[in-house]
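Visitor: I'd like to ask some things about the structure below.
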Amino acid sequence: MFQTFLICFREGLEALLVVAIATLYLRKTGRLQLLLPLRAGVALAVLMSVVLGWVLSRVGALSPAAEGTMALVAAVAVAWCVVHMQSAGKGMGSEIAQRMDRASLLQGPRAAATVFLFALFMVGREGVETATMLAALASSAELAYMAWGGLAGLVVASAIAWAWTRYGRAVNLGRFFRVTSWFMAVFAVQLVVYAFHEFTEGGLVPGVDNAWWHAATEDLAEGAVAQALSLALVLVPTLWLGVAHWRDRSGAQAAPGATGAASTAR
């Protein structure tokens with residue numbers, strides 16, 4: 001549940017921000033006719049991601065070897081997320097605005113097709129990553145818990161995306177992506193451990209006692225340790241971001257007072 005929350009929160013936030021920024025830009029520049037292809041691209045990307053997630057979860061459920069392979073693929077997807085998050089956030093709005101501007105300079109069907117493909121690619125990229133990660137968890141988790149975790153993640157992501165569009169710089173996206181990237185890296189390590197655990201279940205790791213290693217990694221892959229790490233992956237970044245935001249606000253409130261005191265002293 002906690003892993004699903006983290007995945008849907010992280011990936012959902014970026015996808016929602018892409019849609020929100022593109023929509024705001026098109027409305028601001030009076031290009032309302034391009035909103036329909038934007039929404040169509042988003043809808044198709046979501047549908048394709050759901051289908052991909054279902055297919056991958058079926059593949060992963062076939063055998064321990066398939067589950068291990070899916071976990072390794074998901075670990076690669078998470079690693080890509082970490083690399084991407086290091087540069088995301090700060091320039092996201094300007095980058096999307098530039099792309100929308102180039103697309104909307106085209107005429108008629110070409111502009112619509114470009115915006116449609118932009119939405120399909122940008123949201124679809126997040127959808128593919130989400131589908132791959134969730135499919136790796138599907139065989140070892142209760143679907144009901146995953147559904148609740150995913151829904152909670154999307155709700156929180158929606159709230160942050162709304163706050164960003166409403167209050168702008170009040171939400172520090174650069175900090176959010178930097179902080180969560182470290183904890184997503186821990187999740188990638190978890191997936192590698194889970195893949196190793198599944199491979200040893202099938203006796204597929206050469207040169208080691210597969211039965212011993214399967215028992216030794218049980219807690220790390222599926223037991224209490226794995227659950228504690230999953231909970232920490234959600235709570236620690238949340239607390240970290242909350243404290244950082246509180247410090248920013250405290251510093252901003254103290255600054256005017258310090259400036260006034262300095263003026264009085266002079």
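Numbering starts fresh at 1 for the residues of each chain in the structure tokens, the chains themselves are lettered A, B, ... in the order given, and ligands are numbered from 1 as they appear.
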Write out as a VMD selection string which residues come within 6 Å of region 185-192 of chain A when counting only C-alpha atoms, dropping same-chain ones fewer than 2 positions away.

Guide: chain A and resid 71 to 72 75 78 182 to 183 194 to 195

Visitor: Considering only C-alpha atoms, return as a PyMOL selection string whatever protein or nucleic-acid residues lie within 10 Å of Ala211 (chain A), sequence-local ones (same chain, fewer than 6 positions apart) excluded.

Guide: chain A and resi 197+200-203

Visitor: Can you list, as a tab-separated table (two decimals) with all heavy atoms, in the first residue's frame, every protein, DNA or RNA residue that comes within 12 Å of Leu229 (chain A) when you count only C-alpha atoms, leaving out same-chain residues fewer than 2 positions away?

Guide:
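Output file selection27.tsv is given in full below:
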```
chain	number	residue	atom	x	y	z
A	1	MET	N	0.83	-1.20	0.00
A	1	MET	CA	0.00	0.00	0.00
A	1	MET	C	0.87	1.26	0.00
A	1	MET	O	0.63	2.19	-0.75
A	1	MET	CB	-0.91	-0.01	1.22
A	1	MET	CG	-1.80	1.23	1.33
A	1	MET	SD	-2.93	1.12	2.73
A	1	MET	CE	-3.72	2.72	2.64
A	2	PHE	N	1.91	1.27	0.87
A	2	PHE	CA	2.76	2.46	0.96
A	2	PHE	C	3.58	2.65	-0.30
A	2	PHE	O	3.81	3.77	-0.76
A	2	PHE	CB	3.67	2.36	2.19
A	2	PHE	CG	2.91	2.31	3.49
A	2	PHE	CD1	3.00	1.22	4.32
A	2	PHE	CD2	2.09	3.37	3.87
A	2	PHE	CE1	2.30	1.17	5.51
A	2	PHE	CE2	1.38	3.33	5.06
A	2	PHE	CZ	1.49	2.22	5.88
A	3	GLN	N	4.07	1.54	-0.86
A	3	GLN	CA	4.83	1.64	-2.11
A	3	GLN	C	3.94	2.16	-3.23
A	3	GLN	O	4.36	3.00	-4.04
A	3	GLN	CB	5.42	0.28	-2.47
A	3	GLN	CG	6.52	-0.17	-1.51
A	3	GLN	CD	6.81	-1.65	-1.65
A	3	GLN	OE1	5.91	-2.46	-1.84
A	3	GLN	NE2	8.08	-2.01	-1.55
A	6	LEU	N	3.46	5.86	-2.84
A	6	LEU	CA	4.62	6.63	-3.27
A	6	LEU	C	4.69	6.72	-4.79
A	6	LEU	O	4.93	7.79	-5.36
A	6	LEU	CB	5.90	5.98	-2.73
A	6	LEU	CG	7.20	6.69	-3.11
A	6	LEU	CD1	7.31	8.04	-2.41
A	6	LEU	CD2	8.40	5.82	-2.77
A	183	PHE	N	14.58	8.86	-2.01
A	183	PHE	CA	13.79	7.78	-1.46
A	183	PHE	C	13.27	6.83	-2.55
A	183	PHE	O	13.05	5.65	-2.31
A	183	PHE	CB	12.66	8.36	-0.60
A	183	PHE	CG	13.20	9.07	0.60
A	183	PHE	CD1	13.46	10.42	0.57
A	183	PHE	CD2	13.51	8.36	1.74
A	183	PHE	CE1	14.00	11.08	1.66
A	183	PHE	CE2	14.06	9.00	2.84
A	183	PHE	CZ	14.30	10.36	2.81
A	184	MET	N	13.11	7.35	-3.75
A	184	MET	CA	12.81	6.48	-4.88
A	184	MET	C	14.02	5.59	-5.18
A	184	MET	O	13.87	4.43	-5.61
A	184	MET	CB	12.44	7.30	-6.12
A	184	MET	CG	11.10	7.99	-6.03
A	184	MET	SD	9.69	6.86	-6.06
A	184	MET	CE	9.58	6.51	-7.82
A	186	VAL	N	15.98	4.33	-2.93
A	186	VAL	CA	15.86	3.24	-1.96
A	186	VAL	C	14.84	2.21	-2.45
A	186	VAL	O	15.03	0.99	-2.32
A	186	VAL	CB	15.46	3.78	-0.57
A	186	VAL	CG1	15.22	2.64	0.41
A	186	VAL	CG2	16.53	4.72	-0.05
A	187	PHE	N	13.75	2.70	-3.03
A	187	PHE	CA	12.73	1.80	-3.57
A	187	PHE	C	13.31	0.95	-4.70
A	187	PHE	O	12.98	-0.23	-4.84
A	187	PHE	CB	11.54	2.62	-4.06
A	187	PHE	CG	10.45	1.81	-4.68
A	187	PHE	CD1	9.89	0.72	-4.01
A	187	PHE	CD2	9.96	2.12	-5.94
A	187	PHE	CE1	8.88	-0.03	-4.58
A	187	PHE	CE2	8.95	1.37	-6.52
A	187	PHE	CZ	8.41	0.29	-5.84
A	188	ALA	N	14.18	1.53	-5.52
A	188	ALA	CA	14.82	0.76	-6.60
A	188	ALA	C	15.65	-0.38	-6.02
A	188	ALA	O	15.64	-1.50	-6.54
A	188	ALA	CB	15.70	1.67	-7.45
A	189	VAL	N	16.37	-0.10	-4.92
A	189	VAL	CA	17.14	-1.16	-4.26
A	189	VAL	C	16.21	-2.25	-3.74
A	189	VAL	O	16.50	-3.45	-3.85
A	189	VAL	CB	17.99	-0.57	-3.11
A	189	VAL	CG1	18.67	-1.68	-2.33
A	189	VAL	CG2	19.01	0.41	-3.66
A	190	GLN	N	15.07	-1.84	-3.17
A	190	GLN	CA	14.08	-2.81	-2.72
A	190	GLN	C	13.63	-3.73	-3.85
A	190	GLN	O	13.48	-4.94	-3.65
A	190	GLN	CB	12.85	-2.08	-2.16
A	190	GLN	CG	12.92	-1.76	-0.68
A	190	GLN	CD	11.56	-1.32	-0.17
A	190	GLN	OE1	11.08	-0.25	-0.52
A	190	GLN	NE2	10.93	-2.14	0.63
A	191	LEU	N	13.41	-3.16	-5.01
A	191	LEU	CA	12.97	-3.96	-6.15
A	191	LEU	C	14.04	-4.95	-6.59
A	191	LEU	O	13.73	-6.09	-6.97
A	191	LEU	CB	12.59	-3.05	-7.31
A	191	LEU	CG	11.28	-2.28	-7.16
A	191	LEU	CD1	11.15	-1.22	-8.25
A	191	LEU	CD2	10.08	-3.23	-7.21
A	219	ASP	N	12.31	-11.33	4.78
A	219	ASP	CA	11.88	-10.09	5.45
A	219	ASP	C	12.19	-8.85	4.62
A	219	ASP	O	11.41	-7.90	4.59
A	219	ASP	CB	12.55	-9.98	6.82
A	219	ASP	CG	11.74	-10.67	7.91
A	219	ASP	OD1	10.58	-11.02	7.62
A	219	ASP	OD2	12.27	-10.86	9.01
A	220	LEU	N	13.34	-8.86	3.96
A	220	LEU	CA	13.73	-7.70	3.15
A	220	LEU	C	12.83	-7.53	1.93
A	220	LEU	O	12.55	-6.42	1.50
A	220	LEU	CB	15.18	-7.85	2.68
A	220	LEU	CG	16.26	-7.65	3.75
A	220	LEU	CD1	17.63	-8.00	3.17
A	220	LEU	CD2	16.26	-6.21	4.24
A	221	ALA	N	12.39	-8.66	1.37
A	221	ALA	CA	11.61	-8.60	0.13
A	221	ALA	C	10.12	-8.46	0.38
A	221	ALA	O	9.43	-7.69	-0.32
A	221	ALA	CB	11.86	-9.86	-0.71
A	222	GLU	N	9.58	-9.18	1.37
A	222	GLU	CA	8.13	-9.22	1.55
A	222	GLU	C	7.67	-9.10	2.99
A	222	GLU	O	6.47	-8.96	3.24
A	222	GLU	CB	7.57	-10.53	0.98
A	222	GLU	CG	7.85	-10.73	-0.50
A	222	GLU	CD	7.33	-12.05	-1.04
A	222	GLU	OE1	7.41	-13.06	-0.31
A	222	GLU	OE2	6.84	-12.08	-2.17
A	223	GLY	N	8.59	-9.15	3.95
A	223	GLY	CA	8.20	-9.21	5.35
A	223	GLY	C	8.15	-7.87	6.05
A	223	GLY	O	7.92	-6.82	5.44
A	224	ALA	N	8.43	-7.90	7.36
A	224	ALA	CA	8.29	-6.70	8.20
A	224	ALA	C	9.27	-5.61	7.80
A	224	ALA	O	8.92	-4.42	7.81
A	224	ALA	CB	8.51	-7.10	9.66
A	225	VAL	N	10.49	-5.98	7.46
A	225	VAL	CA	11.48	-4.97	7.08
A	225	VAL	C	11.03	-4.23	5.81
A	225	VAL	O	11.15	-3.01	5.71
A	225	VAL	CB	12.86	-5.62	6.87
A	225	VAL	CG1	13.86	-4.59	6.36
A	225	VAL	CG2	13.36	-6.25	8.16
A	226	ALA	N	10.53	-5.00	4.84
A	226	ALA	CA	10.05	-4.39	3.59
A	226	ALA	C	8.90	-3.42	3.86
A	226	ALA	O	8.85	-2.32	3.27
A	226	ALA	CB	9.62	-5.47	2.61
A	227	GLN	N	7.98	-3.80	4.76
A	227	GLN	CA	6.86	-2.93	5.08
A	227	GLN	C	7.32	-1.66	5.80
A	227	GLN	O	6.81	-0.56	5.55
A	227	GLN	CB	5.83	-3.69	5.94
A	227	GLN	CG	5.16	-4.84	5.21
A	227	GLN	CD	4.45	-4.39	3.95
A	227	GLN	OE1	3.77	-3.38	3.92
A	227	GLN	NE2	4.62	-5.16	2.88
A	231	LEU	N	6.87	2.21	4.50
A	231	LEU	CA	6.27	3.28	5.30
A	231	LEU	C	7.22	4.47	5.40
A	231	LEU	O	6.81	5.63	5.27
A	231	LEU	CB	5.92	2.76	6.69
A	231	LEU	CG	5.28	3.76	7.66
A	231	LEU	CD1	3.98	4.30	7.10
A	231	LEU	CD2	5.05	3.11	9.02
A	232	ALA	N	8.51	4.17	5.61
A	232	ALA	CA	9.50	5.25	5.71
A	232	ALA	C	9.62	6.02	4.40
A	232	ALA	O	9.84	7.24	4.40
A	232	ALA	CB	10.86	4.67	6.09
A	233	LEU	N	9.45	5.33	3.28
A	233	LEU	CA	9.54	5.99	1.98
A	233	LEU	C	8.48	7.07	1.81
A	233	LEU	O	8.67	8.02	1.05
A	233	LEU	CB	9.40	4.96	0.85
A	233	LEU	CG	10.59	4.03	0.61
A	233	LEU	CD1	10.25	2.98	-0.42
A	233	LEU	CD2	11.81	4.81	0.18
A	234	VAL	N	7.37	6.92	2.50
A	234	VAL	CA	6.30	7.92	2.43
A	234	VAL	C	6.46	8.98	3.52
A	234	VAL	O	6.41	10.18	3.26
A	234	VAL	CB	4.91	7.25	2.55
A	234	VAL	CG1	3.82	8.30	2.58
A	234	VAL	CG2	4.69	6.28	1.40
A	235	LEU	N	6.68	8.52	4.76
A	235	LEU	CA	6.68	9.44	5.89
A	235	LEU	C	7.88	10.37	5.92
A	235	LEU	O	7.75	11.57	6.17
A	235	LEU	CB	6.61	8.64	7.20
A	235	LEU	CG	5.31	7.89	7.47
A	235	LEU	CD1	5.37	7.19	8.82
A	235	LEU	CD2	4.11	8.83	7.43
A	236	VAL	N	9.08	9.82	5.66
A	236	VAL	CA	10.29	10.64	5.78
A	236	VAL	C	10.30	11.80	4.77
A	236	VAL	O	10.54	12.95	5.16
A	236	VAL	CB	11.55	9.77	5.65
A	236	VAL	CG1	12.81	10.64	5.66
A	236	VAL	CG2	11.62	8.77	6.80
```

Visitor: Please provide as a list in words all residues within 7 Å of region 28-41 of chain A, with the sequence filter that same-chain residues fewer than 6 positions apart are discarded (counting only C-alpha atoms).

Guide: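 The contact residues come out as Ala112, Val115, Phe116, Leu117, Ala119 and Leu120 of chain A.
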
Visitor: What does the distance between CA of Ala135 (chain A) and CA of Val123 (chain A) come to in Å, to one decimal place?

Guide: 18.0 Å

Visitor: Counting only C-alpha atoms, which residue out of A:Ala43, A:Leu56, A:Ala22, A:Met133 sits closest to Val76 (chain A)?

Guide: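 Result for the nearest residue to Val76 (chain A): A:Met133.
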
Visitor: With distances taken over only C-alpha atoms, which residue among A:Leu44, A:Arg178, A:Phe5, A:Thr132 lies nearest Leu151 (chain A)?

Guide: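 That would be A:Phe5, the residue with the smallest distance to Leu151 (chain A).
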
Visitor: Figure out the distance between CA of Leu134 (chain A) and CA of Phe9 (chain A), please, to one decimal in Å.

Guide: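 It comes out at 12.4 Å.
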
Visitor: Measure the distance from CA of Arg10 (chain A) to CA of Ala131 (chain A) in Å and round it to one decimal.

Guide: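 CA of Ala131 (chain A) lies 12.9 Å from CA of Arg10 (chain A).
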
Visitor: Find the spatial neighbours of Glu126 (chain A), counting only C-alpha atoms, within a cut-off of 8 Å - ignore same-chain residues fewer than 2 positions away - and output them as a list in words.

Guide: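 Result of the neighbour search: Glu11, Gly12, Glu14, Ala15, Met122, Val123, Gly124, Val128, Glu129 and Thr130 of chain A.
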
Visitor: Can you work out which one of A:Val205, A:Ala216, A:Met70, A:Leu241 has the shortest atom-to-atom distance to Gly53 (chain A), counting only C-alpha atoms?

Guide: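 The answer is A:Met70, which sits nearest to Gly53 (chain A).
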
Visitor: So, counting only C-alpha atoms, which residue among A:Ala65, A:Ala163, A:Ser49, A:Arg175 is closest to His245 (chain A)?

Guide: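 Of all the options, A:Arg175 lies closest to His245 (chain A).
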